[in-house]
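J.: Have a look at the structure that comes next, please.
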Amino acid sequence: MHTVIADEQGTSTMRAIVLRQYGSPEELRLEEVPDPVAGPGEVVVDVAAAGIQFVETQVRSGGLRGVSPVAPKELPWRPGREVAGVVASVGEGADPALIGQRVAGQTATGGGYAERAVLAVSAVHRLPQALGSAEAVSLLGTGRTAVALLETARIGKGDTVLVESAAGAVGTLVLQLARDAGAERLIGLARGEEKLRLVREFGADEAVDYTAPGWPDQVRQAAPDGVTVVLDAVGGRTGLDAFELLAPGGRFVIFGFSGGSITRLDPASVSERGITVSSYFGPPTGDRGPDVQMRQTREALTAAAEGRLRPLVGQRFPLAEASAAHTAISARATVGKTVLIP
């Protein structure tokens with residue numbers, strides 16, 4: 001539970017991270033802000049863990065300003081959408097029985113890097129005791145994404161799957177879900193021996209360093225007939241090289257561009273080889289309405305609570321060190337999910 005602080009006017013305040021101008025991670029400042037109040041159909045949560053999304057590092061730098069719906073229309077901005085903790089108060093129309101319950105969910109626009117955050121009741125997942133707050137928050141966006149990727153790529157028996165950024169929060173989940181879905185062979189891309197070790201630990205048959213010269217040849221040796229599915233999280237040259245490893249009729253699913261630019265594929269090559277290209281960010285991805293996203297998140301949380309899915313919480317930073325967390329993520333010095341602990 002956080003400590004309520006009263007300012008000179010007697011208004012209750014809390015600590016939160018605020019971005020007042022785009023730029024380096026150092027622009028993330030810890031400030032005293034007014035305590036949130038639950039509106040109709042909302043709850044206020046004492047935050048026990050807040051997840052950091054890679055896209056938030058891009059928003060903070062100004063790279064997505066004016067080009068992405070996740071970027072704020074104006075500053076100042078309080079980042080953070082993924083939170084887990086205990087319900088402290090409820091607004092009109094919300095069930096008072098929620099007070100004291102452990103929950104997790106995504107905020108509507110941000111504000112999660114804080115001691116308290118507001119969630120819509122419709123976004124709340126009640127947490128079983130078997131699931132810790134950091135683990136739960138690590139499964140909100142990433143768990144839903146992993147489940148959606150499996151559904152989008154239609155991964156099943158006999159598939160040979162190439163997973164980029166396989167040591168990341170989504171990648172480690174995808175490896176587990178793909179194996180459970182019956183994939184025949186899993187190949188994970190990462191860089192550095194520590195990450196390659198994690199890729200193997202989470203179920204990959206082969207772990208390949210995509211920064212090594214000639215890495216596609218290692219994949220060809222592991223999958224002489226080509227891979228049937230590529231899950232592209234890096235983009236750029238890496239995405240193009242991965243595309244060339246697909247067997248005719250394969251599926252290429254884009255869900256990130258950590259390398260700096262989204263993979264641009266040649267339409268003629270896609271057509272000639274009968275490749276199906278999908279994107280997690282837009283069509284064709286099927287139904288991604290609120291009900292579907294809640295269902296996908298619930299599936300991931302349930303699987304983790306039952307021990308069928310192991311989330312990787314790689315780094316935990318105090319709230320005051322949000323800038324250090326962003327620095328580590330931008331430098332690709334992290335594995336799994338990075339979480340802030342207020």
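Here's how to read the names in the structure tokens: chain A, B, ... by the order shown, residue numbers from 1 in each chain, ligand numbers from 1 in the order shown.
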For Arg237 in chain A, please output as an NGL selection string all residues within 12 Å (counting only C-alpha atoms; exclusion window: fewer than 3 positions along the same chain).
T.: :A and (210-211 or 216 or 232-234 or 240-244 or 257-265)
J.: Emit the selected residues as a CSV table (one decimal), in the first residue's frame, including C-alpha atoms.
T.:
```csv
chain,number,residue,atom,x,y,z
A,210,TYR,CA,21.0,-13.3,-35.5
A,211,THR,CA,24.0,-10.9,-35.1
A,216,PRO,CA,20.5,-17.9,-41.9
A,232,ASP,CA,8.9,-11.3,-37.0
A,233,ALA,CA,9.6,-9.0,-34.1
A,234,VAL,CA,12.8,-7.3,-35.3
A,240,LEU,CA,13.9,-9.9,-44.7
A,241,ASP,CA,16.5,-12.7,-44.1
A,242,ALA,CA,13.9,-14.6,-42.0
A,243,PHE,CA,11.4,-14.2,-44.8
A,244,GLU,CA,13.8,-15.9,-47.2
A,257,PHE,CA,10.3,-3.7,-35.3
A,258,SER,CA,12.9,-3.5,-32.5
A,259,GLY,CA,15.5,-3.2,-35.2
A,260,GLY,CA,14.2,0.2,-36.0
A,261,SER,CA,12.0,-0.3,-39.1
A,262,ILE,CA,9.2,-2.7,-40.1
A,263,THR,CA,10.0,-5.4,-42.6
A,264,ARG,CA,9.2,-4.3,-46.1
A,265,LEU,CA,8.5,-7.3,-48.3
```
J.: If we count only C-alpha atoms, what is near range 51-56 of chain A at a cut-off of 6 Å, once residues fewer than 3 positions away on the same chain are taken out, given as a list in words?
T.: Val59, Glu82, Val137, Thr338 and Val339 of chain A
J.: Each residue of range 42-123 of chain A with at least one atom at most 9 Å from range 8-28 of chain A should appear once, together with its nearest atom pair and the corresponding distance in Å (one decimal); atoms considered: only C-alpha atoms; ordering: chain, then increasing residue number; output as JSON lines.
T.:
```
{"residue": "A:Thr57", "atom": "CA", "partner": "A:Pro25", "partner_atom": "CA", "distance": 7.9}
{"residue": "A:Val59", "atom": "CA", "partner": "A:Tyr22", "partner_atom": "CA", "distance": 8.0}
{"residue": "A:Arg60", "atom": "CA", "partner": "A:Tyr22", "partner_atom": "CA", "distance": 5.5}
{"residue": "A:Ser61", "atom": "CA", "partner": "A:Gly23", "partner_atom": "CA", "distance": 4.5}
{"residue": "A:Gly62", "atom": "CA", "partner": "A:Tyr22", "partner_atom": "CA", "distance": 5.1}
{"residue": "A:Gly63", "atom": "CA", "partner": "A:Tyr22", "partner_atom": "CA", "distance": 8.8}
{"residue": "A:Leu75", "atom": "CA", "partner": "A:Arg20", "partner_atom": "CA", "distance": 5.7}
{"residue": "A:Pro76", "atom": "CA", "partner": "A:Arg20", "partner_atom": "CA", "distance": 4.4}
{"residue": "A:Trp77", "atom": "CA", "partner": "A:Leu19", "partner_atom": "CA", "distance": 5.1}
{"residue": "A:Arg78", "atom": "CA", "partner": "A:Val18", "partner_atom": "CA", "distance": 4.8}
{"residue": "A:Pro79", "atom": "CA", "partner": "A:Ile17", "partner_atom": "CA", "distance": 7.1}
{"residue": "A:Gly80", "atom": "CA", "partner": "A:Ile17", "partner_atom": "CA", "distance": 8.9}
{"residue": "A:Gly111", "atom": "CA", "partner": "A:Ala16", "partner_atom": "CA", "distance": 7.7}
{"residue": "A:Gly112", "atom": "CA", "partner": "A:Ala16", "partner_atom": "CA", "distance": 8.2}
{"residue": "A:Tyr113", "atom": "CA", "partner": "A:Ile17", "partner_atom": "CA", "distance": 5.6}
{"residue": "A:Ala114", "atom": "CA", "partner": "A:Ala16", "partner_atom": "CA", "distance": 4.0}
{"residue": "A:Glu115", "atom": "CA", "partner": "A:Arg15", "partner_atom": "CA", "distance": 5.9}
{"residue": "A:Arg116", "atom": "CA", "partner": "A:Met14", "partner_atom": "CA", "distance": 7.3}
```
J.: Write out, as a Markdown table, each residue of range 87-125 of chain A that has an atom at most 10 Å from range 297-311 of chain A, together with the closest pair of atoms and their distance in Å to one decimal, counting only C-alpha atoms, rows going by chain and rising number.
T.:
```
| residue | atom | partner | partner_atom | distance |
| --- | --- | --- | --- | --- |
| A:Ala104 | CA | A:Leu301 | CA | 9.8 |
| A:Gly105 | CA | A:Thr297 | CA | 9.3 |
| A:His125 | CA | A:Arg298 | CA | 7.4 |
```
J.: Those residues with C-alpha atoms, as a PDB file, in the first residue's frame please?
T.:
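File written: part36.pdb
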```
ATOM      1  CA  ALA A 104      -4.449  -6.736 -12.955  1.00  0.00           C
ATOM      2  CA  GLY A 105      -5.416  -4.802 -16.036  1.00  0.00           C
ATOM      3  CA  HIS A 125      -8.808  -9.426 -14.145  1.00  0.00           C
TER       4      HIS A 125
END
```
J.: Name the residues of range 55-222 of chain A that come out as strand (DSSP E) in a backbone DSSP run; write them as a VMD selection string.
T.: chain A and resid 82 to 90 102 to 106 116 to 120 125 to 126 160 to 163 185 to 190 206 to 209
